[in-house]
Amino acid sequence: MNVTATLFGQMITFAVLVWFIHRFLWGPLTRLLAERTKRIADGLAAAERGTQELELAGKRSAEVLREGKQQAADIIAQAEKRALQIIEEAKHAAKAEGDRMIAGAKAEIAQEVSRAKEALRSQVSALAMAGAEKILRREVDAKAHADLLKAIQTEL
Amino acid sequence: MSEAARPATDNPVEYIQHHLTNLQVGEGFWTFNLDTLVFGWLLAGLLVFISWRIGRHLSLDNPRGAQNVLEAILEFVDSQVKSTFPGHNPLIGPLALTVFLWVFLMNVMDLIPVDLLPKAAEYVGIHHLKVVPTTDPYTTLGMSLSVFALVIYYNIKVKGVAGYIKTFLFHPFGKWLMPVNFMMTAVEELAKPLSLGLRLFGNMFAGELVFLLIALLPWWILWVPGSLWAIFHILIITLQAFIFMILTIMYLTLAHQSLDEAH
């Protein structure tokens, strides 16, 4: 076998073919595969992250729900307490008002009684005076016995 | 009656010799095995066309058809390269892929019925035609010598000229047996491209020869060994393409090893 141009022809063909496949097939295809690998890895990582976030969100929502329930219970308890307080206050106020009204009425009654007494007293004294005047017509000088009459008036 | 129209069984030796002769043009150094070159180019052109066509419209999300096939082959080749070759060299992957695809395609020509293309060529006035480029040692040795050139290039690039010469002088027996070392290493190195090229050539040539012998059988029995050998040959052509690729990767891996790792 001799070294011929066929040998070199095939070597050149081979070299050109290697270059071409490197340039137009291997390069783009390996880049594509690398990108796809990366994308898949990213997708898996994202899914993992999503699962974690979902778990966290679940926990947080449960917590929020619990807090909400707690708050609602607190508010209801407070409202009940406040209602009781208001009722209590109203009762107190009503009682005080009643007492006050009773006291007022009593005072008025007392006043009325004393006024009646006064009127009665002055009328009685006037009556007594008139009676005494009638009895002692002549003997009693109104001026002379004014002291006595006054004393009787105050006694009545 | 022309020579080609006679039944082959009349003169089996002539028939086989006829089939194993290249379509040659020129003399001495300027001898062109036209059939080898043209079929090599056609298949290379097919590869160029396919890779250009597929490489231009790559789909990231929705790969289909030929892209899937090429992706599978590429990943297979890439995994072979990665499992053998430790460093990073952007040339080795495409080189291995090209070796695999081109050798495979050239070997596939062996599965075309042995008489089909030569007979067709006969009608247009071409009297010799060998359609399988890998049954021509010029193809296989051309490829293996290209690989050999790369091996030398990377040896010198990684180890330096002095380092490369040292691997010849100090291995395997140490510095006191330099001439013996040199002889042994030289033989070892030269055996690489020779065995690489001749292994492929030998396998394909023998396969072709068996097809020719089967073609000499009477027509009513011919299809039994013919189909059996063809089925078996599918394995052989793939295996030979694979072996050529693996050895290419291996030799380049060895070339990339530094002095301490070598031997």
# chains A, B, ... in the order shown; residues from 1 in each chain; ligands from 1
$ interface_residues --of "chain A" --to "chain B" --cutoff "6 Å" --atoms "only C-alpha atoms" --output "ChimeraX atom specification"
/A:4-7,10-11,18,22,24-26
$ residues_around --residues "Gly87 (chain B)" --least-positions-apart "5" --cutoff "12 Å" --atoms "only C-alpha atoms" --output "VMD selection string"
chain B and resid 81 to 82 92 to 93 158 249 252 to 258
$ select_by_dssp --residues "region 2-52 of chain B" --states "strand (DSSP E or B)" --output "list in words"
Gln24, Val25, Phe32 and Asn33 of chain B
$ write_last_selection --atoms "N, CA, C and O atoms" --output "PDB file, in the first residue's frame"
ATOM      1  N   GLN B  24     -10.108   3.517  -9.641  1.00  0.00           N
ATOM      2  CA  GLN B  24      -8.915   4.336  -9.419  1.00  0.00           C
ATOM      3  C   GLN B  24      -8.630   5.251 -10.595  1.00  0.00           C
ATOM      4  O   GLN B  24      -8.819   4.896 -11.748  1.00  0.00           O
ATOM      5  N   VAL B  25      -8.145   6.460 -10.253  1.00  0.00           N
ATOM      6  CA  VAL B  25      -7.720   7.418 -11.258  1.00  0.00           C
ATOM      7  C   VAL B  25      -6.328   7.887 -10.864  1.00  0.00           C
ATOM      8  O   VAL B  25      -6.069   8.091  -9.676  1.00  0.00           O
ATOM      9  N   PHE B  32      -6.221   8.414  -7.023  1.00  0.00           N
ATOM     10  CA  PHE B  32      -7.471   8.705  -6.316  1.00  0.00           C
ATOM     11  C   PHE B  32      -8.380   7.495  -6.393  1.00  0.00           C
ATOM     12  O   PHE B  32      -8.688   7.047  -7.503  1.00  0.00           O
ATOM     13  N   ASN B  33      -8.762   6.970  -5.224  1.00  0.00           N
ATOM     14  CA  ASN B  33      -9.808   5.952  -5.227  1.00  0.00           C
ATOM     15  C   ASN B  33     -11.136   6.696  -5.273  1.00  0.00           C
ATOM     16  O   ASN B  33     -11.695   7.062  -4.244  1.00  0.00           O
TER      17      ASN B  33
END
$ residues_around --residues "Phe244 (chain B)" --least-positions-apart "3" --cutoff "9 Å" --atoms "only C-alpha atoms" --output "list in words"
Ala96, Val99, Phe100, Val103, Ser144, Leu196, Gly197, Arg199, Leu200, Leu239, Gln240, Ala241, Leu247, Thr248 and Ile249 of chain B
$ select_by_dssp --residues "region 168-214 of chain B" --states "alpha helix (DSSP H)" --output "mmCIF file with all heavy atoms, in the first residue's frame"
data_model
loop_
_atom_site.group_PDB
_atom_site.id
_atom_site.type_symbol
_atom_site.label_atom_id
_atom_site.label_comp_id
_atom_site.auth_asym_id
_atom_site.auth_seq_id
_atom_site.Cartn_x
_atom_site.Cartn_y
_atom_site.Cartn_z
ATOM 1 N N PHE B 168 9.453 8.794 25.693
ATOM 2 C CA PHE B 168 10.064 7.787 24.824
ATOM 3 C C PHE B 168 11.316 7.194 25.465
ATOM 4 O O PHE B 168 11.603 6.016 25.315
ATOM 5 C CB PHE B 168 10.451 8.413 23.475
ATOM 6 C CG PHE B 168 9.306 8.476 22.513
ATOM 7 C CD1 PHE B 168 8.429 9.542 22.532
ATOM 8 C CD2 PHE B 168 9.092 7.460 21.592
ATOM 9 C CE1 PHE B 168 7.366 9.602 21.676
ATOM 10 C CE2 PHE B 168 8.033 7.515 20.711
ATOM 11 C CZ PHE B 168 7.164 8.586 20.753
ATOM 12 N N LEU B 169 12.061 8.052 26.198
ATOM 13 C CA LEU B 169 13.389 7.630 26.648
ATOM 14 C C LEU B 169 13.373 6.891 27.981
ATOM 15 O O LEU B 169 14.171 5.993 28.192
ATOM 16 C CB LEU B 169 14.307 8.853 26.763
ATOM 17 C CG LEU B 169 14.588 9.558 25.431
ATOM 18 C CD1 LEU B 169 15.541 10.718 25.631
ATOM 19 C CD2 LEU B 169 15.164 8.578 24.410
ATOM 20 N N MET B 178 17.864 3.345 27.620
ATOM 21 C CA MET B 178 17.231 4.316 26.726
ATOM 22 C C MET B 178 16.928 3.790 25.317
ATOM 23 O O MET B 178 15.811 3.987 24.827
ATOM 24 C CB MET B 178 18.078 5.567 26.627
ATOM 25 C CG MET B 178 17.745 6.562 27.713
ATOM 26 S SD MET B 178 18.567 8.097 27.385
ATOM 27 C CE MET B 178 18.470 8.861 28.984
ATOM 28 N N PRO B 179 17.858 3.159 24.646
ATOM 29 C CA PRO B 179 17.556 2.701 23.274
ATOM 30 C C PRO B 179 16.396 1.706 23.256
ATOM 31 O O PRO B 179 15.504 1.804 22.416
ATOM 32 C CB PRO B 179 18.855 2.016 22.822
ATOM 33 C CG PRO B 179 19.895 2.533 23.731
ATOM 34 C CD PRO B 179 19.239 2.824 25.032
ATOM 35 N N VAL B 180 16.424 0.789 24.219
ATOM 36 C CA VAL B 180 15.334 -0.187 24.285
ATOM 37 C C VAL B 180 14.011 0.530 24.558
ATOM 38 O O VAL B 180 12.995 0.273 23.909
ATOM 39 C CB VAL B 180 15.616 -1.221 25.409
ATOM 40 C CG1 VAL B 180 14.496 -2.257 25.459
ATOM 41 C CG2 VAL B 180 16.965 -1.871 25.173
ATOM 42 N N ASN B 181 14.057 1.464 25.512
ATOM 43 C CA ASN B 181 12.859 2.230 25.831
ATOM 44 C C ASN B 181 12.320 2.927 24.599
ATOM 45 O O ASN B 181 11.119 2.901 24.322
ATOM 46 C CB ASN B 181 13.173 3.297 26.887
ATOM 47 C CG ASN B 181 13.391 2.678 28.241
ATOM 48 O OD1 ASN B 181 12.982 1.550 28.480
ATOM 49 N ND2 ASN B 181 14.070 3.410 29.101
ATOM 50 N N PHE B 182 13.218 3.576 23.884
ATOM 51 C CA PHE B 182 12.803 4.334 22.712
ATOM 52 C C PHE B 182 12.134 3.423 21.701
ATOM 53 O O PHE B 182 11.048 3.723 21.188
ATOM 54 C CB PHE B 182 14.019 5.025 22.079
ATOM 55 C CG PHE B 182 13.631 5.863 20.897
ATOM 56 C CD1 PHE B 182 13.058 7.115 21.069
ATOM 57 C CD2 PHE B 182 13.804 5.385 19.600
ATOM 58 C CE1 PHE B 182 12.683 7.869 19.980
ATOM 59 C CE2 PHE B 182 13.422 6.137 18.506
ATOM 60 C CZ PHE B 182 12.872 7.391 18.699
ATOM 61 N N MET B 183 12.775 2.288 21.437
ATOM 62 C CA MET B 183 12.222 1.333 20.475
ATOM 63 C C MET B 183 10.830 0.874 20.904
ATOM 64 O O MET B 183 9.870 0.904 20.129
ATOM 65 C CB MET B 183 13.129 0.097 20.364
ATOM 66 C CG MET B 183 14.385 0.312 19.545
ATOM 67 S SD MET B 183 13.976 0.713 17.838
ATOM 68 C CE MET B 183 13.222 -0.826 17.341
ATOM 69 N N MET B 184 10.738 0.505 22.171
ATOM 70 C CA MET B 184 9.468 -0.053 22.644
ATOM 71 C C MET B 184 8.344 0.986 22.603
ATOM 72 O O MET B 184 7.236 0.705 22.146
ATOM 73 C CB MET B 184 9.629 -0.599 24.067
ATOM 74 C CG MET B 184 10.468 -1.849 24.083
ATOM 75 S SD MET B 184 10.369 -2.691 25.647
ATOM 76 C CE MET B 184 8.733 -3.329 25.599
ATOM 77 N N THR B 185 8.677 2.187 23.083
ATOM 78 C CA THR B 185 7.640 3.220 23.101
ATOM 79 C C THR B 185 7.232 3.608 21.683
ATOM 80 O O THR B 185 6.047 3.831 21.398
ATOM 81 C CB THR B 185 8.130 4.458 23.862
ATOM 82 O OG1 THR B 185 8.724 4.035 25.077
ATOM 83 C CG2 THR B 185 6.974 5.397 24.162
ATOM 84 N N ALA B 186 8.239 3.673 20.779
ATOM 85 C CA ALA B 186 7.926 4.031 19.396
ATOM 86 C C ALA B 186 6.994 2.999 18.773
ATOM 87 O O ALA B 186 6.000 3.350 18.127
ATOM 88 C CB ALA B 186 9.220 4.151 18.586
ATOM 89 N N VAL B 187 7.322 1.727 19.008
ATOM 90 C CA VAL B 187 6.463 0.674 18.467
ATOM 91 C C VAL B 187 5.059 0.784 19.055
ATOM 92 O O VAL B 187 4.052 0.715 18.350
ATOM 93 C CB VAL B 187 7.068 -0.719 18.770
ATOM 94 C CG1 VAL B 187 6.042 -1.817 18.487
ATOM 95 C CG2 VAL B 187 8.315 -0.940 17.936
ATOM 96 N N GLU B 188 5.039 1.034 20.372
ATOM 97 C CA GLU B 188 3.748 1.153 21.058
ATOM 98 C C GLU B 188 2.924 2.285 20.456
ATOM 99 O O GLU B 188 1.733 2.130 20.158
ATOM 100 C CB GLU B 188 4.021 1.414 22.536
ATOM 101 C CG GLU B 188 2.797 1.383 23.419
ATOM 102 C CD GLU B 188 3.140 1.830 24.832
ATOM 103 O OE1 GLU B 188 4.247 1.492 25.311
ATOM 104 O OE2 GLU B 188 2.327 2.542 25.429
ATOM 105 N N GLU B 189 3.584 3.431 20.261
ATOM 106 C CA GLU B 189 2.869 4.599 19.747
ATOM 107 C C GLU B 189 2.418 4.370 18.314
ATOM 108 O O GLU B 189 1.294 4.723 17.940
ATOM 109 C CB GLU B 189 3.756 5.852 19.827
ATOM 110 C CG GLU B 189 3.973 6.353 21.237
ATOM 111 C CD GLU B 189 2.680 6.798 21.904
ATOM 112 O OE1 GLU B 189 1.956 7.620 21.324
ATOM 113 O OE2 GLU B 189 2.373 6.299 23.006
ATOM 114 N N LEU B 190 3.307 3.790 17.484
ATOM 115 C CA LEU B 190 2.961 3.581 16.071
ATOM 116 C C LEU B 190 1.886 2.513 15.914
ATOM 117 O O LEU B 190 1.108 2.544 14.959
ATOM 118 C CB LEU B 190 4.209 3.190 15.275
ATOM 119 C CG LEU B 190 5.182 4.343 15.046
ATOM 120 C CD1 LEU B 190 6.467 3.836 14.384
ATOM 121 C CD2 LEU B 190 4.550 5.422 14.184
ATOM 122 N N ALA B 191 1.879 1.588 16.856
ATOM 123 C CA ALA B 191 0.871 0.523 16.762
ATOM 124 C C ALA B 191 -0.533 1.082 16.948
ATOM 125 O O ALA B 191 -1.501 0.514 16.448
ATOM 126 C CB ALA B 191 1.157 -0.548 17.815
ATOM 127 N N LYS B 192 -0.626 2.201 17.669
ATOM 128 C CA LYS B 192 -1.960 2.753 17.949
ATOM 129 C C LYS B 192 -2.731 3.111 16.672
ATOM 130 O O LYS B 192 -3.827 2.574 16.445
ATOM 131 C CB LYS B 192 -1.846 3.988 18.852
ATOM 132 C CG LYS B 192 -1.603 3.643 20.303
ATOM 133 C CD LYS B 192 -1.438 4.903 21.123
ATOM 134 C CE LYS B 192 -1.079 4.575 22.563
ATOM 135 N NZ LYS B 192 -0.767 5.796 23.317
ATOM 136 N N PRO B 193 -2.190 4.001 15.827
ATOM 137 C CA PRO B 193 -2.966 4.337 14.617
ATOM 138 C C PRO B 193 -3.116 3.145 13.691
ATOM 139 O O PRO B 193 -4.163 2.970 13.060
ATOM 140 C CB PRO B 193 -2.141 5.443 13.958
ATOM 141 C CG PRO B 193 -0.782 5.293 14.497
ATOM 142 C CD PRO B 193 -0.951 4.779 15.902
ATOM 143 N N LEU B 194 -2.063 2.309 13.612
ATOM 144 C CA LEU B 194 -2.148 1.162 12.704
ATOM 145 C C LEU B 194 -3.252 0.214 13.132
ATOM 146 O O LEU B 194 -4.099 -0.177 12.334
ATOM 147 C CB LEU B 194 -0.805 0.418 12.688
ATOM 148 C CG LEU B 194 0.199 0.912 11.647
ATOM 149 C CD1 LEU B 194 1.480 0.095 11.727
ATOM 150 C CD2 LEU B 194 -0.407 0.785 10.244
ATOM 151 N N SER B 195 -3.239 -0.137 14.415
ATOM 152 C CA SER B 195 -4.256 -1.086 14.871
ATOM 153 C C SER B 195 -5.640 -0.463 14.779
ATOM 154 O O SER B 195 -6.610 -1.134 14.419
ATOM 155 C CB SER B 195 -3.961 -1.524 16.305
ATOM 156 O OG SER B 195 -4.149 -0.444 17.182
ATOM 157 N N LEU B 196 -5.714 0.827 15.084
ATOM 158 C CA LEU B 196 -7.008 1.522 15.026
ATOM 159 C C LEU B 196 -7.587 1.463 13.611
ATOM 160 O O LEU B 196 -8.749 1.090 13.404
ATOM 161 C CB LEU B 196 -6.826 2.981 15.466
ATOM 162 C CG LEU B 196 -8.079 3.834 15.591
ATOM 163 C CD1 LEU B 196 -9.005 3.261 16.637
ATOM 164 C CD2 LEU B 196 -7.715 5.266 15.946
ATOM 165 N N GLY B 197 -6.749 1.814 12.629
ATOM 166 C CA GLY B 197 -7.226 1.838 11.245
ATOM 167 C C GLY B 197 -7.449 0.447 10.691
ATOM 168 O O GLY B 197 -8.450 0.186 10.030
ATOM 169 N N LEU B 198 -6.507 -0.449 10.973
ATOM 170 C CA LEU B 198 -6.589 -1.775 10.352
ATOM 171 C C LEU B 198 -7.680 -2.637 10.960
ATOM 172 O O LEU B 198 -8.231 -3.501 10.296
ATOM 173 C CB LEU B 198 -5.236 -2.489 10.463
ATOM 174 C CG LEU B 198 -4.146 -1.881 9.564
ATOM 175 C CD1 LEU B 198 -2.831 -2.623 9.726
ATOM 176 C CD2 LEU B 198 -4.573 -1.902 8.096
ATOM 177 N N ARG B 199 -8.003 -2.387 12.232
ATOM 178 C CA ARG B 199 -9.081 -3.162 12.862
ATOM 179 C C ARG B 199 -10.399 -2.917 12.119
ATOM 180 O O ARG B 199 -11.096 -3.852 11.719
ATOM 181 C CB ARG B 199 -9.243 -2.768 14.321
ATOM 182 C CG ARG B 199 -10.409 -3.489 14.993
ATOM 183 C CD ARG B 199 -10.614 -3.047 16.420
ATOM 184 N NE ARG B 199 -9.427 -3.296 17.222
ATOM 185 C CZ ARG B 199 -8.609 -2.358 17.663
ATOM 186 N NH1 ARG B 199 -8.870 -1.097 17.384
ATOM 187 N NH2 ARG B 199 -7.552 -2.647 18.372
ATOM 188 N N LEU B 200 -10.683 -1.636 11.920
ATOM 189 C CA LEU B 200 -11.926 -1.284 11.223
ATOM 190 C C LEU B 200 -11.897 -1.814 9.792
ATOM 191 O O LEU B 200 -12.846 -2.460 9.335
ATOM 192 C CB LEU B 200 -12.099 0.236 11.218
ATOM 193 C CG LEU B 200 -13.329 0.778 10.523
ATOM 194 C CD1 LEU B 200 -14.592 0.231 11.166
ATOM 195 C CD2 LEU B 200 -13.348 2.295 10.559
ATOM 196 N N PHE B 201 -10.771 -1.561 9.114
ATOM 197 C CA PHE B 201 -10.646 -2.022 7.732
ATOM 198 C C PHE B 201 -10.831 -3.538 7.649
ATOM 199 O O PHE B 201 -11.596 -4.038 6.819
ATOM 200 C CB PHE B 201 -9.273 -1.617 7.180
ATOM 201 C CG PHE B 201 -8.876 -2.390 5.952
ATOM 202 C CD1 PHE B 201 -9.518 -2.178 4.747
ATOM 203 C CD2 PHE B 201 -7.872 -3.357 6.009
ATOM 204 C CE1 PHE B 201 -9.157 -2.899 3.621
ATOM 205 C CE2 PHE B 201 -7.514 -4.078 4.890
ATOM 206 C CZ PHE B 201 -8.161 -3.854 3.696
ATOM 207 N N GLY B 202 -10.141 -4.263 8.530
ATOM 208 C CA GLY B 202 -10.194 -5.728 8.493
ATOM 209 C C GLY B 202 -11.600 -6.241 8.701
ATOM 210 O O GLY B 202 -12.078 -7.105 7.959
ATOM 211 N N ASN B 203 -12.271 -5.685 9.684
ATOM 212 C CA ASN B 203 -13.629 -6.150 9.962
ATOM 213 C C ASN B 203 -14.563 -5.898 8.799
ATOM 214 O O ASN B 203 -15.349 -6.766 8.412
ATOM 215 C CB ASN B 203 -14.169 -5.449 11.211
ATOM 216 C CG ASN B 203 -13.808 -6.193 12.473
ATOM 217 O OD1 ASN B 203 -14.427 -7.181 12.820
ATOM 218 N ND2 ASN B 203 -12.768 -5.728 13.144
ATOM 219 N N MET B 204 -14.475 -4.696 8.244
ATOM 220 C CA MET B 204 -15.402 -4.364 7.174
ATOM 221 C C MET B 204 -15.050 -5.116 5.888
ATOM 222 O O MET B 204 -15.944 -5.572 5.166
ATOM 223 C CB MET B 204 -15.409 -2.852 6.910
ATOM 224 C CG MET B 204 -15.850 -2.022 8.095
ATOM 225 S SD MET B 204 -17.173 -2.769 9.045
ATOM 226 C CE MET B 204 -18.471 -2.735 7.860
ATOM 227 N N PHE B 205 -13.753 -5.261 5.643
ATOM 228 C CA PHE B 205 -13.330 -5.983 4.442
ATOM 229 C C PHE B 205 -13.795 -7.439 4.514
ATOM 230 O O PHE B 205 -14.344 -7.990 3.562
ATOM 231 C CB PHE B 205 -11.795 -5.916 4.335
ATOM 232 C CG PHE B 205 -11.260 -6.434 3.041
ATOM 233 C CD1 PHE B 205 -11.205 -5.615 1.916
ATOM 234 C CD2 PHE B 205 -10.810 -7.746 2.937
ATOM 235 C CE1 PHE B 205 -10.704 -6.090 0.719
ATOM 236 C CE2 PHE B 205 -10.318 -8.228 1.727
ATOM 237 C CZ PHE B 205 -10.260 -7.400 0.628
ATOM 238 N N ALA B 206 -13.586 -8.044 5.682
ATOM 239 C CA ALA B 206 -14.002 -9.434 5.856
ATOM 240 C C ALA B 206 -15.513 -9.562 5.709
ATOM 241 O O ALA B 206 -16.009 -10.503 5.085
ATOM 242 C CB ALA B 206 -13.554 -9.933 7.228
ATOM 243 N N GLY B 207 -16.224 -8.600 6.277
ATOM 244 C CA GLY B 207 -17.683 -8.641 6.177
ATOM 245 C C GLY B 207 -18.129 -8.575 4.729
ATOM 246 O O GLY B 207 -18.996 -9.334 4.285
ATOM 247 N N GLU B 208 -17.498 -7.674 3.987
ATOM 248 C CA GLU B 208 -17.815 -7.525 2.572
ATOM 249 C C GLU B 208 -17.518 -8.827 1.810
ATOM 250 O O GLU B 208 -18.308 -9.268 0.971
ATOM 251 C CB GLU B 208 -16.976 -6.370 2.001
ATOM 252 C CG GLU B 208 -17.177 -6.085 0.533
ATOM 253 C CD GLU B 208 -18.391 -5.225 0.263
ATOM 254 O OE1 GLU B 208 -19.233 -5.127 1.168
ATOM 255 O OE2 GLU B 208 -18.490 -4.669 -0.838
ATOM 256 N N LEU B 209 -16.377 -9.419 2.173
ATOM 257 C CA LEU B 209 -15.971 -10.658 1.504
ATOM 258 C C LEU B 209 -16.996 -11.766 1.745
ATOM 259 O O LEU B 209 -17.355 -12.514 0.818
ATOM 260 C CB LEU B 209 -14.590 -11.088 2.034
ATOM 261 C CG LEU B 209 -13.794 -12.051 1.165
ATOM 262 C CD1 LEU B 209 -13.519 -11.424 -0.192
ATOM 263 C CD2 LEU B 209 -12.477 -12.398 1.848
ATOM 264 N N VAL B 210 -17.484 -11.846 2.962
ATOM 265 C CA VAL B 210 -18.489 -12.867 3.268
ATOM 266 C C VAL B 210 -19.762 -12.611 2.463
ATOM 267 O O VAL B 210 -20.368 -13.534 1.918
ATOM 268 C CB VAL B 210 -18.782 -12.895 4.779
ATOM 269 C CG1 VAL B 210 -19.955 -13.823 5.081
ATOM 270 C CG2 VAL B 210 -17.558 -13.357 5.545
ATOM 271 N N PHE B 211 -20.130 -11.358 2.334
ATOM 272 C CA PHE B 211 -21.299 -11.029 1.503
ATOM 273 C C PHE B 211 -21.088 -11.477 0.063
ATOM 274 O O PHE B 211 -22.002 -12.005 -0.582
ATOM 275 C CB PHE B 211 -21.575 -9.522 1.531
ATOM 276 C CG PHE B 211 -22.456 -9.086 2.674
ATOM 277 C CD1 PHE B 211 -22.032 -8.128 3.576
ATOM 278 C CD2 PHE B 211 -23.718 -9.640 2.832
ATOM 279 C CE1 PHE B 211 -22.842 -7.735 4.627
ATOM 280 C CE2 PHE B 211 -24.538 -9.251 3.882
ATOM 281 C CZ PHE B 211 -24.095 -8.306 4.784
ATOM 282 N N LEU B 212 -19.848 -11.272 -0.424
ATOM 283 C CA LEU B 212 -19.553 -11.679 -1.801
ATOM 284 C C LEU B 212 -19.634 -13.191 -1.948
ATOM 285 O O LEU B 212 -20.167 -13.713 -2.928
ATOM 286 C CB LEU B 212 -18.164 -11.179 -2.206
ATOM 287 C CG LEU B 212 -18.046 -9.673 -2.395
ATOM 288 C CD1 LEU B 212 -16.601 -9.263 -2.570
ATOM 289 C CD2 LEU B 212 -18.875 -9.234 -3.594
ATOM 290 N N LEU B 213 -19.107 -13.906 -0.942
ATOM 291 C CA LEU B 213 -19.165 -15.366 -1.004
ATOM 292 C C LEU B 213 -20.608 -15.840 -0.960
ATOM 293 O O LEU B 213 -20.991 -16.764 -1.681
ATOM 294 C CB LEU B 213 -18.385 -15.975 0.171
ATOM 295 C CG LEU B 213 -16.863 -15.798 0.096
ATOM 296 C CD1 LEU B 213 -16.205 -16.262 1.375
ATOM 297 C CD2 LEU B 213 -16.305 -16.561 -1.106
ATOM 298 N N ILE B 214 -21.421 -15.192 -0.127
ATOM 299 C CA ILE B 214 -22.835 -15.565 -0.052
ATOM 300 C C ILE B 214 -23.509 -15.305 -1.395
ATOM 301 O O ILE B 214 -24.349 -16.090 -1.852
ATOM 302 C CB ILE B 214 -23.535 -14.788 1.081
ATOM 303 C CG1 ILE B 214 -23.049 -15.297 2.437
ATOM 304 C CG2 ILE B 214 -25.046 -14.932 0.997
ATOM 305 C CD1 ILE B 214 -23.461 -14.443 3.604
#
$ residues_around --residues "Ala230 (chain B)" --least-positions-apart "4" --cutoff "7 Å" --atoms "only C-alpha atoms" --output "count of residues only"
3
$ closest_residue --among "B:Lys166, B:Tyr251, B:Thr238, B:Ala120" --to "Tyr154 (chain B)" --atoms "only C-alpha atoms"
B:Tyr251
$ atom_distance --atom1 "CA of Ile156 (chain B)" --atom2 "CA of Thr84 (chain B)"
20.4 Å
$ atom_distance --atom1 "CA of Arg82 (chain A)" --atom2 "CA of Arg100 (chain A)"
26.1 Å
